[in-house]
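Raw model.txt, compact mmCIF, C-alpha atoms:
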# COMPACT_ATOMS: atom_id res chain seq x y z
CA MET J 61 2.65 0.32 -50.68
CA THR J 62 2.51 -0.05 -46.90
CA LEU J 63 4.93 -2.72 -45.67
CA ILE J 64 4.26 -4.89 -42.64
CA ASN J 65 6.83 -5.67 -39.95
CA GLU J 66 7.61 -9.16 -41.20
CA ASN J 67 9.12 -10.19 -37.89
CA PHE J 68 5.56 -10.68 -36.63
CA LEU J 69 5.07 -13.26 -39.36
CA LYS J 70 7.87 -15.35 -37.85
CA LEU J 71 5.77 -16.09 -34.76
CA GLN J 72 5.10 -19.80 -34.96
CA ALA J 73 1.82 -20.02 -33.06
CA GLY J 74 -0.76 -17.92 -31.28
CA TYR J 75 0.08 -16.77 -27.78
CA LEU J 76 -0.28 -19.73 -25.42
CA PHE J 77 -3.11 -18.53 -23.21
CA PRO J 78 -5.50 -17.47 -25.98
CA GLU J 79 -5.10 -20.98 -27.41
CA VAL J 80 -5.97 -22.46 -24.02
CA GLY J 81 -9.01 -20.17 -23.95
CA ARG J 82 -10.05 -21.21 -27.45
CA ARG J 83 -10.03 -24.90 -26.53
CA VAL J 84 -11.96 -24.25 -23.33
CA ARG J 85 -14.60 -22.19 -25.14
CA ALA J 86 -15.04 -24.91 -27.76
CA TYR J 87 -15.54 -27.51 -25.03
CA LYS J 88 -18.04 -25.31 -23.18
CA GLU J 89 -20.08 -24.81 -26.34
CA GLN J 90 -20.41 -28.56 -26.71
CA ASN J 91 -20.94 -29.11 -22.96
CA PRO J 92 -22.82 -26.05 -21.65
CA ASN J 93 -23.65 -27.69 -18.31
CA ALA J 94 -20.08 -28.66 -17.47
CA LYS J 95 -18.71 -27.08 -14.30
CA ILE J 96 -15.22 -25.99 -15.31
CA ILE J 97 -12.55 -25.35 -12.68
CA SER J 98 -9.53 -23.36 -13.80
CA MET J 99 -6.07 -24.28 -12.56
CA GLY J 100 -4.44 -22.99 -15.72
CA ILE J 101 -3.89 -19.28 -16.28
CA GLY J 102 -2.18 -17.68 -13.30
CA ASP J 103 -4.83 -15.11 -12.39
CA VAL J 104 -5.54 -14.42 -8.74
CA THR J 105 -8.92 -15.00 -7.07
CA GLN J 106 -8.62 -13.39 -3.64
CA PRO J 107 -9.90 -9.80 -3.37
CA LEU J 108 -7.65 -6.81 -2.81
CA ALA J 109 -6.49 -6.37 0.78
CA PRO J 110 -8.64 -4.05 2.95
CA ALA J 111 -5.65 -1.75 3.49
CA VAL J 112 -5.29 -1.36 -0.28
CA ILE J 113 -9.00 -0.66 -0.76
CA LYS J 114 -8.94 1.91 2.04
CA ALA J 115 -5.98 3.74 0.49
CA MET J 116 -7.52 3.70 -2.98
CA LYS J 117 -10.84 5.04 -1.70
CA LYS J 118 -8.98 7.88 0.03
CA ALA J 119 -7.13 8.59 -3.20
CA VAL J 120 -10.41 8.67 -5.14
CA ASP J 121 -11.76 11.25 -2.69
CA GLU J 122 -8.59 13.31 -3.19
CA MET J 123 -9.10 13.18 -6.96
CA GLY J 124 -12.58 14.65 -6.43
CA ARG J 125 -11.30 17.83 -4.78
CA ILE J 126 -9.61 20.61 -6.71
CA GLU J 127 -7.00 21.20 -4.00
CA THR J 128 -5.83 17.57 -4.00
CA PHE J 129 -6.53 16.57 -7.61
CA ARG J 130 -3.56 15.10 -9.51
CA GLY J 131 -3.03 14.88 -13.25
CA TYR J 132 0.08 13.59 -14.95
CA ASP J 133 2.91 12.38 -12.74
CA ASP J 134 5.54 14.96 -13.71
CA SER J 135 8.43 12.66 -12.80
CA GLY J 136 7.35 10.05 -15.31
CA VAL J 137 8.77 7.28 -13.13
CA GLY J 138 6.21 7.04 -10.32
CA TYR J 139 5.37 8.96 -7.18
CA GLU J 140 8.14 9.30 -4.63
CA PHE J 141 5.98 7.95 -1.78
CA LEU J 142 5.67 4.58 -3.55
CA ARG J 143 9.29 4.36 -4.70
CA LYS J 144 10.44 5.18 -1.17
CA ALA J 145 8.23 2.43 0.30
CA ILE J 146 9.62 -0.05 -2.23
CA SER J 147 13.22 0.93 -1.55
CA GLU J 148 12.87 0.65 2.22
CA ASN J 149 10.77 -2.51 2.40
CA ASP J 150 11.79 -4.64 -0.57
CA PHE J 151 15.49 -3.85 -0.60
CA LYS J 152 16.98 -1.95 2.34
CA ALA J 153 15.14 -4.25 4.76
CA ARG J 154 17.18 -7.09 3.18
CA ARG J 155 20.41 -5.05 3.31
CA VAL J 156 20.30 -4.18 -0.37
CA ASP J 157 20.90 -0.50 -1.11
CA ILE J 158 18.56 0.48 -3.92
CA ASP J 159 17.86 4.20 -4.23
CA ILE J 160 14.41 5.51 -5.14
CA ASP J 161 15.83 7.05 -8.34
CA GLU J 162 16.74 3.54 -9.52
CA ILE J 163 13.08 2.42 -9.29
CA ILE J 164 10.67 3.06 -12.18
CA ILE J 165 6.96 2.38 -11.63
CA SER J 166 4.99 0.77 -14.46
CA ASP J 167 1.72 -1.04 -15.20
CA GLY J 168 3.10 -4.57 -15.16
CA ALA J 169 6.13 -6.84 -15.19
CA LYS J 170 4.81 -8.36 -18.41
CA SER J 171 4.95 -4.95 -20.06
CA ASP J 172 8.41 -4.21 -18.72
CA THR J 173 9.99 -7.56 -19.58
CA ALA J 174 8.46 -7.19 -23.05
CA ASN J 175 9.53 -3.59 -23.58
CA ILE J 176 13.02 -3.63 -22.07
CA GLN J 177 14.50 -5.25 -25.17
CA GLU J 178 13.70 -2.08 -27.15
CA ILE J 179 16.61 -0.20 -25.60
CA PHE J 180 19.16 -2.82 -26.66
CA GLY J 181 20.63 -3.32 -30.14
CA LEU J 182 19.34 -6.01 -32.45
CA ASP J 183 22.80 -7.57 -32.71
CA ASN J 184 22.68 -8.75 -29.11
CA VAL J 185 22.51 -12.52 -28.63
CA VAL J 186 19.68 -13.53 -26.29
CA ALA J 187 19.74 -16.51 -23.90
CA LEU J 188 16.49 -17.95 -22.53
CA SER J 189 15.49 -20.78 -20.26
CA ASP J 190 13.43 -23.55 -21.81
CA PRO J 191 10.62 -23.80 -20.72
CA VAL J 192 10.15 -20.05 -20.45
CA TYR J 193 7.52 -17.35 -20.04
CA PRO J 194 6.50 -16.85 -23.71
CA VAL J 195 6.68 -13.04 -23.61
CA TYR J 196 10.49 -13.11 -23.42
CA VAL J 197 10.69 -15.07 -26.65
CA ASP J 198 7.92 -13.47 -28.68
CA THR J 199 8.97 -9.86 -28.10
CA ASN J 200 12.50 -10.58 -29.29
CA VAL J 201 11.07 -12.26 -32.38
CA MET J 202 8.83 -9.24 -33.03
CA ALA J 203 11.82 -6.92 -32.69
CA GLY J 204 13.84 -8.84 -35.30
CA ARG J 205 16.46 -10.24 -32.97
CA THR J 206 15.96 -13.79 -34.30
CA ALA J 207 16.00 -15.63 -37.60
CA GLY J 208 13.46 -18.20 -38.70
CA PRO J 209 12.05 -21.30 -36.99
CA ALA J 210 14.55 -23.84 -35.69
CA GLY J 211 12.04 -26.64 -34.99
CA LYS J 212 10.16 -27.63 -31.83
CA GLY J 213 8.89 -24.09 -31.39
CA ARG J 214 12.40 -22.62 -31.23
CA TYR J 215 14.00 -19.83 -33.26
CA GLU J 216 17.41 -19.53 -34.84
CA GLY J 217 19.50 -16.86 -33.18
CA ILE J 218 18.37 -17.56 -29.60
CA VAL J 219 20.46 -19.59 -27.16
CA TYR J 220 18.12 -21.95 -25.31
CA MET J 221 19.04 -23.26 -21.86
CA PRO J 222 17.02 -26.39 -21.04
CA CYS J 223 15.58 -26.63 -17.52
CA THR J 224 15.07 -30.32 -16.82
CA GLU J 225 14.95 -32.84 -14.01
CA ALA J 226 18.67 -33.44 -14.62
CA ASN J 227 19.64 -29.89 -13.58
CA ASN J 228 16.82 -29.43 -11.05
CA PHE J 229 15.24 -26.97 -13.49
CA VAL J 230 17.97 -24.35 -12.94
CA PRO J 231 20.08 -23.69 -16.05
CA GLU J 232 23.84 -23.33 -16.12
CA PRO J 233 25.46 -20.38 -17.93
CA PRO J 234 26.03 -21.24 -21.59
CA LYS J 235 29.44 -22.12 -22.96
CA GLU J 236 29.08 -19.56 -25.75
CA LYS J 237 29.03 -15.81 -25.27
CA VAL J 238 25.60 -14.15 -25.02
CA ASP J 239 24.60 -10.57 -24.33
CA LEU J 240 21.09 -10.55 -22.82
CA ILE J 241 20.05 -13.24 -20.34
CA TYR J 242 16.46 -13.73 -19.16
CA LEU J 243 16.19 -15.39 -15.75
CA CYS J 244 13.00 -15.84 -13.72
CA PHE J 245 13.09 -16.97 -10.07
CA PRO J 246 10.86 -18.18 -8.53
CA ASN J 247 10.37 -19.59 -11.97
CA ASN J 248 7.25 -19.38 -14.08
CA PRO J 249 6.14 -21.98 -15.19
CA ILE J 250 8.10 -24.53 -13.14
CA GLY J 251 8.18 -22.97 -9.67
CA ALA J 252 11.91 -23.62 -9.20
CA VAL J 253 14.21 -21.27 -7.29
CA ALA J 254 17.93 -20.52 -7.50
CA THR J 255 20.39 -20.42 -4.62
CA LYS J 256 22.92 -17.65 -4.04
CA LYS J 257 25.64 -19.95 -5.33
CA GLN J 258 23.71 -20.60 -8.55
CA LEU J 259 22.92 -16.93 -9.12
CA SER J 260 26.55 -16.01 -8.39
CA LYS J 261 27.59 -18.10 -11.39
CA TRP J 262 25.33 -15.98 -13.56
CA VAL J 263 26.62 -12.71 -12.14
CA ASP J 264 30.22 -13.86 -12.71
CA TYR J 265 29.33 -14.89 -16.27
CA ALA J 266 27.72 -11.52 -16.97
CA HIS J 267 30.79 -9.66 -15.68
CA LYS J 268 33.14 -11.80 -17.75
CA ASN J 269 31.12 -11.36 -20.96
CA LYS J 270 29.83 -7.82 -20.40
CA ALA J 271 26.33 -9.27 -20.55
CA ILE J 272 23.16 -8.07 -18.83
CA ILE J 273 20.80 -10.25 -16.78
CA LEU J 274 17.09 -9.46 -17.07
CA PHE J 275 15.86 -10.86 -13.76
CA ASP J 276 12.12 -11.41 -13.34
CA ALA J 277 11.33 -11.60 -9.60
CA ALA J 278 7.56 -11.20 -9.87
CA TYR J 279 6.95 -14.10 -7.46
CA GLU J 280 9.59 -13.34 -4.82
CA LYS J 281 7.00 -12.86 -2.07
CA TYR J 282 6.17 -16.58 -2.34
CA ILE J 283 9.64 -17.72 -1.32
CA SER J 284 9.42 -19.67 1.94
CA GLN J 285 13.02 -20.89 2.30
CA THR J 286 15.04 -18.33 4.23
CA ASP J 287 18.31 -19.12 2.42
CA ILE J 288 16.91 -18.37 -1.05
CA PRO J 289 17.61 -14.83 -2.35
CA ARG J 290 14.58 -12.72 -3.18
CA SER J 291 16.53 -10.26 -5.32
CA ILE J 292 19.41 -10.64 -7.77
CA TYR J 293 20.98 -7.70 -5.93
CA GLU J 294 21.61 -9.89 -2.91
CA ILE J 295 24.48 -11.26 -5.00
CA ASP J 296 27.75 -9.27 -4.89
CA GLY J 297 28.38 -7.45 -8.13
CA ALA J 298 24.84 -7.81 -9.48
CA LYS J 299 24.18 -4.06 -9.65
CA GLU J 300 26.73 -3.80 -12.46
CA VAL J 301 25.08 -6.50 -14.59
CA ALA J 302 21.37 -6.89 -13.79
CA ILE J 303 17.95 -5.28 -14.21
CA GLU J 304 15.22 -6.56 -11.88
CA PHE J 305 11.46 -6.67 -12.55
CA ARG J 306 8.79 -6.93 -9.86
CA SER J 307 5.01 -6.80 -9.78
CA PHE J 308 2.06 -6.28 -7.46
CA SER J 309 -0.12 -8.54 -9.61
CA LYS J 310 0.38 -11.96 -8.06
CA THR J 311 1.56 -10.77 -4.64
CA ALA J 312 -1.13 -8.16 -3.91
CA GLY J 313 -3.87 -9.16 -6.34
CA PHE J 314 -3.27 -6.31 -8.81
CA THR J 315 -3.86 -8.33 -11.99
CA GLY J 316 -6.90 -6.17 -12.73
CA VAL J 317 -5.45 -2.99 -11.24
CA ARG J 318 -1.97 -3.00 -12.84
CA CYS J 319 1.14 -1.84 -11.02
CA ALA J 320 4.74 -3.00 -11.08
CA PHE J 321 8.27 -1.62 -11.08
CA THR J 322 11.67 -2.13 -12.63
CA VAL J 323 15.00 -1.52 -10.92
CA VAL J 324 17.88 -0.21 -13.03
CA PRO J 325 20.95 0.49 -10.87
CA ARG J 326 23.18 3.48 -11.66
CA GLN J 327 26.17 1.18 -12.02
CA LEU J 328 24.58 -0.70 -14.93
CA LYS J 329 25.97 0.13 -18.36
CA ALA J 330 25.79 -1.09 -21.95
CA TYR J 331 28.05 -0.15 -24.82
CA THR J 332 27.98 1.64 -28.16
CA LYS J 333 29.50 -0.09 -31.19
CA ASP J 334 32.71 1.89 -30.70
CA GLY J 335 33.00 0.63 -27.10
CA ARG J 336 31.74 3.68 -25.19
CA ALA J 337 29.94 2.81 -21.93
CA VAL J 338 26.40 4.21 -21.61
CA GLU J 339 24.33 4.28 -18.43
CA ILE J 340 21.11 2.31 -18.97
CA GLY J 341 18.86 3.92 -16.35
CA PRO J 342 18.35 7.25 -18.14
CA ILE J 343 17.64 5.47 -21.44
CA TRP J 344 14.95 3.25 -19.88
CA LYS J 345 13.40 6.30 -18.20
CA ARG J 346 13.41 8.14 -21.52
CA ARG J 347 11.74 5.20 -23.22
CA GLN J 348 9.05 5.03 -20.54
CA CYS J 349 8.39 8.77 -20.47
CA THR J 350 8.10 8.83 -24.27
CA LYS J 351 5.74 5.86 -24.65
CA PHE J 352 3.93 5.67 -21.32
CA ASN J 353 2.06 8.24 -19.25
CA GLY J 354 2.45 6.43 -15.97
CA VAL J 355 0.35 4.54 -13.47
CA SER J 356 -2.62 6.35 -11.94
CA TYR J 357 -2.27 8.07 -8.59
CA ILE J 358 -5.12 5.94 -7.22
CA THR J 359 -3.32 2.73 -8.16
CA GLN J 360 0.01 3.89 -6.75
CA ALA J 361 -1.68 4.89 -3.49
CA GLY J 362 -3.07 1.37 -3.26
CA ALA J 363 0.33 -0.13 -4.00
CA ALA J 364 1.97 1.93 -1.27
CA ALA J 365 -0.57 0.57 1.23
CA VAL J 366 0.89 -2.90 0.62
CA TYR J 367 3.90 -1.76 2.64
CA THR J 368 1.99 -0.57 5.72
CA GLU J 369 1.99 -2.89 8.72
CA GLU J 370 -1.69 -3.58 8.12
CA GLY J 371 -1.08 -4.19 4.44
CA LYS J 372 1.87 -6.54 5.01
CA LYS J 373 -0.19 -8.67 7.36
CA GLN J 374 -3.14 -8.88 4.97
CA ILE J 375 -0.98 -9.66 1.93
CA LYS J 376 0.77 -12.41 3.87
CA GLU J 377 -2.61 -13.93 4.73
CA THR J 378 -3.55 -14.00 1.06
CA ILE J 379 -0.24 -15.56 0.04
CA ASN J 380 -0.71 -18.18 2.75
CA ILE J 381 -4.04 -19.15 1.18
CA TYR J 382 -2.44 -19.65 -2.22
CA MET J 383 0.54 -21.52 -0.82
CA GLY J 384 -1.80 -23.69 1.23
CA ASN J 385 -3.45 -24.57 -2.09
CA ALA J 386 -0.05 -25.28 -3.60
CA LYS J 387 0.84 -27.66 -0.79
CA LEU J 388 -2.50 -29.44 -1.15
CA ILE J 389 -2.02 -29.82 -4.92
CA ARG J 390 1.57 -31.03 -4.59
CA GLU J 391 0.85 -33.55 -1.83
CA THR J 392 -2.40 -34.88 -3.33
CA LEU J 393 -0.95 -35.41 -6.80
CA SER J 394 2.17 -37.04 -5.38
CA LYS J 395 0.03 -39.39 -3.30
CA ILE J 396 -1.92 -40.60 -6.33
CA GLY J 397 1.25 -41.32 -8.26
CA TYR J 398 2.17 -38.23 -10.25
CA THR J 399 5.67 -36.74 -10.33
CA VAL J 400 5.39 -33.06 -9.36
CA TYR J 401 7.76 -30.15 -8.85
CA GLY J 402 7.36 -26.60 -7.55
CA GLY J 403 4.67 -25.46 -5.14
CA VAL J 404 7.13 -24.78 -2.30
CA ASN J 405 8.47 -21.31 -3.14
CA ALA J 406 6.00 -20.45 -5.89
CA PRO J 407 2.27 -20.80 -6.63
CA TYR J 408 2.95 -23.11 -9.57
CA ILE J 409 3.06 -26.90 -9.74
CA TRP J 410 4.91 -28.57 -12.62
CA LEU J 411 3.31 -31.97 -13.20
CA LYS J 412 4.90 -34.69 -15.32
CA THR J 413 2.34 -36.25 -17.63
CA PRO J 414 1.83 -40.02 -17.71
CA LYS J 415 4.46 -41.78 -19.81
CA GLY J 416 3.95 -41.26 -23.53
CA VAL J 417 1.21 -38.63 -23.15
CA SER J 418 1.92 -35.22 -24.68
CA SER J 419 1.28 -31.95 -22.86
CA TRP J 420 -1.66 -30.94 -25.07
CA ASP J 421 -3.16 -34.44 -24.96
CA PHE J 422 -3.07 -34.44 -21.16
CA PHE J 423 -4.54 -30.92 -21.17
CA ASP J 424 -7.44 -32.27 -23.23
CA THR J 425 -7.82 -35.27 -20.91
CA LEU J 426 -8.09 -33.09 -17.82
CA LEU J 427 -10.50 -30.73 -19.55
CA LYS J 428 -12.82 -33.37 -20.99
CA LYS J 429 -12.72 -36.00 -18.25
CA ALA J 430 -12.25 -33.88 -15.13
CA ASN J 431 -13.44 -30.47 -16.38
CA VAL J 432 -10.20 -28.97 -15.07
CA ILE J 433 -8.18 -26.38 -16.99
CA SER J 434 -4.39 -26.70 -16.91
CA THR J 435 -1.63 -25.16 -19.04
CA PRO J 436 0.35 -27.43 -21.39
CA GLY J 437 4.07 -27.37 -20.67
CA ALA J 438 4.88 -27.51 -24.37
CA GLY J 439 3.41 -24.01 -24.68
CA PHE J 440 6.36 -22.73 -22.64
CA GLY J 441 9.01 -24.34 -24.86
CA SER J 442 10.21 -27.66 -26.19
CA ALA J 443 11.67 -28.71 -22.82
CA GLY J 444 8.18 -28.29 -21.37
CA GLU J 445 6.82 -31.14 -23.46
CA GLY J 446 5.60 -33.93 -21.20
CA TYR J 447 4.53 -31.56 -18.43
CA ILE J 448 1.58 -29.37 -17.50
CA ARG J 449 1.48 -26.35 -15.22
CA LEU J 450 -1.15 -26.04 -12.49
CA THR J 451 -1.68 -22.86 -10.50
CA ALA J 452 -2.60 -22.47 -6.85
CA PHE J 453 -4.54 -19.23 -7.35
CA GLY J 454 -8.01 -20.77 -7.14
CA GLN J 455 -10.48 -20.77 -4.28
CA THR J 456 -9.53 -23.58 -1.89
CA GLU J 457 -12.88 -25.37 -2.19
CA ASN J 458 -12.49 -25.41 -5.99
CA VAL J 459 -8.94 -26.70 -5.71
CA LYS J 460 -10.12 -29.57 -3.51
CA GLU J 461 -12.90 -30.45 -5.94
CA ALA J 462 -10.53 -30.32 -8.91
CA LEU J 463 -8.11 -32.68 -7.18
CA GLU J 464 -10.93 -35.10 -6.38
CA ARG J 465 -11.88 -35.12 -10.04
CA ILE J 466 -8.30 -35.70 -11.16
CA GLU J 467 -7.99 -38.55 -8.69
CA THR J 468 -11.07 -40.31 -10.15
CA ILE J 469 -9.56 -40.36 -13.66
CA SER J 470 -6.04 -41.34 -12.61
Conversion result in structure tokens:
Amino acid sequence: MTLINENFLKLQAGYLFPEVGRRVRAYKEQNPNAKIISMGIGDVTQPLAPAVIKAMKKAVDEMGRIETFRGYDDSGVGYEFLRKAISENDFKARRVDIDIDEIIISDGAKSDTANIQEIFGLDNVVALSDPVYPVYVDTNVMAGRTAGPAGKGRYEGIVYMPCTEANNFVPEPPKEKVDLIYLCFPNNPIGAVATKKQLSKWVDYAHKNKAIILFDAAYEKYISQTDIPRSIYEIDGAKEVAIEFRSFSKTAGFTGVRCAFTVVPRQLKAYTKDGRAVEIGPIWKRRQCTKFNGVSYITQAGAAAVYTEEGKKQIKETINIYMGNAKLIRETLSKIGYTVYGGVNAPYIWLKTPKGVSSWDFFDTLLKKANVISTPGAGFGSAGEGYIRLTAFGQTENVKEALERIETIS
């Protein structure tokens, strides 16, 4: 008799975004002539930067010649030319010393934040923000690190840290001891950021409790305030307690190309049950080399072009388009009476629903009355109830039209 991994049966609902898609498809079937504008799923709309396209075309030509053809990346962690560009531009340029051997290239921050938990024991207690990116929760459930449902979409065995208006959507370290801490700044779905002082509290907590911070910085390029850290490693002592995840998806338009990286400093260690310290970097590299054959040379060549002077300029122009959309969304919705957060250091706007209206009900209202797709806040956790997330990744003309529609039904 073949047994199933029963941890998968603990999952309380389908993944959020397929459910959004199901509702949209059902509405389209009943209203085939409706012009739907998506401000829900955070997929980019601007094309790849010309510098990226140029580099990828050159790489394709190289792959067509025997003398420059490349097969497997023998290192298993990414080509040195890309890791060097990342080290120099993303870290050393901000006075953070991250060596290229501490950088591991992958196909996405979603994959990495999902897979990283595999290298840690199932006895570790996990702490998560609420609302939270669903992947952090679901992958720990699948692994067996939780017990059964605890109500309101939560699970027993996880420490939830509510992010609310009362704490400006930045959680405080828990009073109890935890082992693995997921933090995401700029935050998805809320768009909040954390100051150096706030992140220092987390680093101090991790040192005190021998915990590890899993820091998702996929949206750091959207930070506009100069005093907000872009990396957890800008905080003293963070190299001993934190892993950082970054991505080219939302910053350089690689959602359909796939490239990201994870930073695991040499100083970072976990422990065996008998108390022996073990360096984490080699274990993560072993996991990746065993289960993953690496990102294509063509893709990595394109990613490296992001760091050229031409590439930096073009990527900045794209980000400015999205953040211009975010400002328009934030200011327009505020003007017509909604309470909104985010949209300053991130491409997400966190909108408070009208009093007494649930997240999914307001999602349905926007879909059916304005033909606008949003994402229900409740899908990100119980503390997200009463909110929806809007993204700024659309074409500007579509964003303007969507806002006009929302205004007519408000």
Problem set entry | Length of the atom CA of Cys223 of chain J to atom CA of Lys387 of chain J vector [Å] |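 Between these atoms lies a distance of 22.3 Å.
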Exercise. If you count all atoms listed in the file, which residues fall within 9 Å of segment 461-463 of chain J, apart from same-chain ones fewer than 3 positions away, as an MDAnalysis selection string?
Worked result: chainID J and resid 97:99 388:389 392:393 430:432 456:458 466:468
For this session: Dig up all the protein and nucleic acid residues within 10 Å of (6.4, 6.7, -12.1) in the file frame, using only C-alpha atoms, and format them as a list in words.
Result: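 So the residues meeting the distance criterion are Tyr132, Asp133, Asp134, Ser135, Gly136, Val137, Gly138, Tyr139, Glu140, Leu142, Arg143, Ile163, Ile164, Ile165, Ser166, Asp167, Ala320, Phe321, Lys345, Gln348, Cys349, Phe352, Asn353, Gly354, Val355, Ser356, Tyr357 and Gln360 of chain J.
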Problem set entry | Non-local contacts of segment 254-262 of chain J (10 Å; all atoms listed in the file; under 3 positions in same chain excluded) as an MDAnalysis selection string | chainID J and resid 228:234 241 243:247 265:268 271:273 287:298 301:302
Problem set entry | Distance query Gly313 of chain J at most 8 Å, all atoms listed in the file, self and fewer than 5 positions along chain excluded, as a ChimeraX atom specification | /J:104-108,308
For this session: Measure the distance from atom CA of Ala277 of chain J to atom CA of Tyr331 of chain J in Å and round it to one decimal.
Result: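 If I compute the distance from atom CA of Ala277 of chain J to atom CA of Tyr331 of chain J, I get 25.3 Å.
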Problem set entry | Interatomic distance, atom CA of Leu188 of chain J to atom CA of Arg326 of chain J (Å, one decimal) | 24.9 Å
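Closest to Ser284 of chain J among J:Tyr196, J:Glu339, J:Gly397, J:Asn405 is J:Asn405, based on all atoms listed in the file.
Closest to Glu122 of chain J among J:Met383, J:Arg465, J:Tyr282, J:Ala361 is J:Ala361, based on all atoms listed in the file.
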Problem set entry | Within-12 Å shell of (4.4, -1.4, 7.8) in input frame, all atoms listed in the file, as a ChimeraX atom specification | /J:111,145-146,148-150,153,364-375
File dump, residues just selected, C-alpha atoms, as a PDB file, in the coordinates of the input:
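This went into selection_4.pdb:
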ATOM      1  CA  ALA J 111      -5.650  -1.750   3.490  1.00  0.00           C
ATOM      2  CA  ALA J 145       8.230   2.430   0.300  1.00  0.00           C
ATOM      3  CA  ILE J 146       9.620  -0.050  -2.230  1.00  0.00           C
ATOM      4  CA  GLU J 148      12.870   0.650   2.220  1.00  0.00           C
ATOM      5  CA  ASN J 149      10.770  -2.510   2.400  1.00  0.00           C
ATOM      6  CA  ASP J 150      11.790  -4.640  -0.570  1.00  0.00           C
ATOM      7  CA  ALA J 153      15.140  -4.250   4.760  1.00  0.00           C
ATOM      8  CA  ALA J 364       1.970   1.930  -1.270  1.00  0.00           C
ATOM      9  CA  ALA J 365      -0.570   0.570   1.230  1.00  0.00           C
ATOM     10  CA  VAL J 366       0.890  -2.900   0.620  1.00  0.00           C
ATOM     11  CA  TYR J 367       3.900  -1.760   2.640  1.00  0.00           C
ATOM     12  CA  THR J 368       1.990  -0.570   5.720  1.00  0.00           C
ATOM     13  CA  GLU J 369       1.990  -2.890   8.720  1.00  0.00           C
ATOM     14  CA  GLU J 370      -1.690  -3.580   8.120  1.00  0.00           C
ATOM     15  CA  GLY J 371      -1.080  -4.190   4.440  1.00  0.00           C
ATOM     16  CA  LYS J 372       1.870  -6.540   5.010  1.00  0.00           C
ATOM     17  CA  LYS J 373      -0.190  -8.670   7.360  1.00  0.00           C
ATOM     18  CA  GLN J 374      -3.140  -8.880   4.970  1.00  0.00           C
ATOM     19  CA  ILE J 375      -0.980  -9.660   1.930  1.00  0.00           C
TER      20      ILE J 375
END
For this session: Kindly indicate which residue among J:Tyr220, J:Tyr447, J:Tyr408, J:Phe151 lies nearest to Trp420 of chain J, using all atoms listed in the file for the distances.
Result: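 For Trp420 of chain J, the nearest of the candidates is J:Tyr447.
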Problem set entry | Nearest-residue call for Asn385 of chain J, choices J:Ile96, J:Ala438, J:Leu450, J:Ile358, using all atoms listed in the file |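 Counting all atoms listed in the file, the residue closest to Asn385 of chain J is J:Leu450.
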For this session: Determine, counting all atoms listed in the file, which protein, DNA and RNA residues have an atom within 8 Å of an atom of Asp239 of chain J; residues of the same chain fewer than 5 positions away are not included. Present the result as number ranges by chain.
Result: J: 184-187, 269-272
Residues just named, written with C-alpha atoms as a CSV table (one decimal), in the frame of the given file:
chain,number,residue,atom,x,y,z
J,184,ASN,CA,22.7,-8.8,-29.1
J,185,VAL,CA,22.5,-12.5,-28.6
J,186,VAL,CA,19.7,-13.5,-26.3
J,187,ALA,CA,19.7,-16.5,-23.9
J,269,ASN,CA,31.1,-11.4,-21.0
J,270,LYS,CA,29.8,-7.8,-20.4
J,271,ALA,CA,26.3,-9.3,-20.6
J,272,ILE,CA,23.2,-8.1,-18.8
For this session: Using only C-alpha atoms, pick whichever of J:Gly124, J:Pro191, J:Ala337, J:Asn93 has the shortest atom-to-atom distance to Arg214 of chain J.
Result: J:Pro191
Exercise. In terms of the shortest atom-to-atom distance over only C-alpha atoms, which of J:Lys235, J:Asp172, J:Glu391, J:Arg336 is closest to Cys319 of chain J?
Worked result: J:Asp172
